[in-house]
Amino acid sequence: MKPEHEQLVTELLRQAGYKYTKPRQRVAEVLLMEHRHLTAPEVVELVAQRDSSVGRMSVYRTLELFTRLGLIRPVFQGEANARYAIMMGGHHHHLVCQNCGKVIHFDDCPLDTLIQQLEARYGFHIEGHLLEFFGHCKACYEL
């Protein structure tokens, strides 16, 4: 895990009054190192491979805590189980192919003006967002 990501997780936990325990560290490592969205059972399995002393319920509680703190968000992409998207930096963006299910992540965020407008209009402080566009990837579109 990148030191700056670990520092961000540690700081967010500390500010919210929580400690950076071993189970929380293992879950953070798995989420940050996999480079894909994982379901809760996948996180449990990958954490167990890293550290068999971390129990299933500790993983589920950590996922719940990380969601409450805005570190991750559940994403439902046409599946029964949610997949968790990392919200480092407060936002996450996808292009989702409705044919093959391919998910393309992109980082550029042109929403700063819209966020300011929404905050002013509704008196709402926005701390993050998840943006998904649905359509067809190049391979499926050219079929």
# chains A, B, ... in the order shown; residues from 1 in each chain; ligands from 1
>>> select_by_dssp(residues="range 28-131 of chain A", states="strand (DSSP E)", output="PDB file with C-alpha atoms, in the first residue's frame")
ATOM      1  CA  LEU A  38     -14.285  -6.352  -4.768  1.00  0.00           C
ATOM      2  CA  THR A  39     -17.365  -7.875  -3.189  1.00  0.00           C
ATOM      3  CA  ILE A  72     -15.325   3.333   0.098  1.00  0.00           C
ATOM      4  CA  ARG A  73     -18.777   3.181  -1.485  1.00  0.00           C
ATOM      5  CA  PRO A  74     -20.827   0.167  -2.488  1.00  0.00           C
ATOM      6  CA  VAL A  75     -21.398   0.016  -6.234  1.00  0.00           C
ATOM      7  CA  ARG A  83     -18.655  -4.168  -5.085  1.00  0.00           C
ATOM      8  CA  TYR A  84     -16.675  -1.622  -3.123  1.00  0.00           C
ATOM      9  CA  ALA A  85     -15.144   1.371  -4.898  1.00  0.00           C
ATOM     10  CA  ILE A  86     -12.315   3.231  -3.202  1.00  0.00           C
ATOM     11  CA  HIS A  91     -14.621  10.807  -5.968  1.00  0.00           C
ATOM     12  CA  HIS A  92     -14.672   7.829  -8.309  1.00  0.00           C
ATOM     13  CA  HIS A  93     -15.693   7.581 -11.963  1.00  0.00           C
ATOM     14  CA  HIS A  94     -16.638   4.705 -14.294  1.00  0.00           C
ATOM     15  CA  LEU A  95     -17.679   3.956 -17.818  1.00  0.00           C
ATOM     16  CA  VAL A  96     -19.723   0.732 -17.712  1.00  0.00           C
ATOM     17  CA  CYS A  97     -20.405  -1.374 -20.817  1.00  0.00           C
ATOM     18  CA  VAL A 103     -15.702  -1.167 -16.327  1.00  0.00           C
ATOM     19  CA  ILE A 104     -13.300   1.600 -17.306  1.00  0.00           C
ATOM     20  CA  HIS A 105     -12.073   3.920 -14.553  1.00  0.00           C
ATOM     21  CA  HIS A 129     -19.281  11.507  -5.429  1.00  0.00           C
ATOM     22  CA  LEU A 130     -19.486   8.396  -7.562  1.00  0.00           C
ATOM     23  CA  LEU A 131     -20.155   8.960 -11.256  1.00  0.00           C
TER      24      LEU A 131
END
>>> atom_distance(atom1="CA of Val27 in chain A", atom2="CA of Val44 in chain A")
8.3 Å
>>> select_by_dssp(residues="range 9-142 of chain A", states="alpha helix (DSSP H)", output="number ranges by chain")
A: 9-15, 22-33, 40-50, 56-68, 112-122, 138-141
>>> residues_around(residues="Leu13 in chain A", least_positions_apart="5", cutoff="10 Å", atoms="only C-alpha atoms", output="PyMOL selection string")
chain A and resi 7-8+18-21+24+65-66+69+71
>>> decode(residues="range 115-137 of chain A", atoms="N, CA and C atoms", output="CSV table (one decimal), in the first residue's frame")
chain,number,residue,atom,x,y,z
A,115,ILE,N,-20.5,20.9,-8.5
A,115,ILE,CA,-20.5,20.7,-7.0
A,115,ILE,C,-20.7,22.0,-6.3
A,116,GLN,N,-20.0,23.0,-6.7
A,116,GLN,CA,-20.2,24.4,-6.1
A,116,GLN,C,-21.7,24.9,-6.3
A,117,GLN,N,-22.2,24.7,-7.4
A,117,GLN,CA,-23.6,25.1,-7.7
A,117,GLN,C,-24.6,24.3,-6.8
A,118,LEU,N,-24.4,23.0,-6.7
A,118,LEU,CA,-25.3,22.2,-5.9
A,118,LEU,C,-25.2,22.6,-4.4
A,119,GLU,N,-24.0,22.8,-3.9
A,119,GLU,CA,-23.8,23.2,-2.5
A,119,GLU,C,-24.5,24.5,-2.3
A,120,ALA,N,-24.3,25.5,-3.2
A,120,ALA,CA,-25.0,26.8,-3.0
A,120,ALA,C,-26.5,26.7,-3.1
A,121,ARG,N,-27.0,26.0,-4.0
A,121,ARG,CA,-28.4,25.9,-4.3
A,121,ARG,C,-29.1,25.2,-3.1
A,122,TYR,N,-28.6,24.1,-2.7
A,122,TYR,CA,-29.3,23.3,-1.7
A,122,TYR,C,-28.7,23.4,-0.3
A,123,GLY,N,-27.7,24.2,0.0
A,123,GLY,CA,-27.1,24.3,1.3
A,123,GLY,C,-26.6,23.0,1.8
A,124,PHE,N,-26.0,22.2,0.9
A,124,PHE,CA,-25.5,20.9,1.2
A,124,PHE,C,-24.0,20.8,1.0
A,125,HIS,N,-23.3,20.3,2.0
A,125,HIS,CA,-21.8,20.2,1.8
A,125,HIS,C,-21.5,18.8,1.2
A,126,ILE,N,-21.0,18.8,0.0
A,126,ILE,CA,-20.7,17.6,-0.7
A,126,ILE,C,-19.2,17.2,-0.4
A,127,GLU,N,-19.1,15.9,0.1
A,127,GLU,CA,-17.8,15.4,0.5
A,127,GLU,C,-17.2,14.4,-0.5
A,128,GLY,N,-18.0,14.0,-1.4
A,128,GLY,CA,-17.6,13.0,-2.4
A,128,GLY,C,-18.7,12.7,-3.4
A,129,HIS,N,-18.3,11.9,-4.5
A,129,HIS,CA,-19.3,11.5,-5.4
A,129,HIS,C,-18.8,10.3,-6.2
A,130,LEU,N,-19.7,9.6,-6.7
A,130,LEU,CA,-19.5,8.4,-7.6
A,130,LEU,C,-20.2,8.6,-8.9
A,131,LEU,N,-19.6,8.6,-10.0
A,131,LEU,CA,-20.2,9.0,-11.3
A,131,LEU,C,-20.0,7.8,-12.2
A,132,GLU,N,-21.1,7.3,-12.8
A,132,GLU,CA,-21.1,6.2,-13.7
A,132,GLU,C,-21.8,6.6,-15.0
A,133,PHE,N,-21.2,6.3,-16.1
A,133,PHE,CA,-21.8,6.4,-17.4
A,133,PHE,C,-22.0,5.0,-17.9
A,134,PHE,N,-23.2,4.8,-18.5
A,134,PHE,CA,-23.5,3.5,-19.0
A,134,PHE,C,-23.6,3.6,-20.5
A,135,GLY,N,-23.1,2.6,-21.2
A,135,GLY,CA,-23.2,2.6,-22.7
A,135,GLY,C,-22.5,1.3,-23.2
A,136,HIS,N,-21.7,1.5,-24.3
A,136,HIS,CA,-21.1,0.3,-24.9
A,136,HIS,C,-19.6,0.6,-25.2
A,137,CYS,N,-18.7,-0.3,-24.8
A,137,CYS,CA,-17.3,-0.1,-25.0
A,137,CYS,C,-17.1,-0.2,-26.5
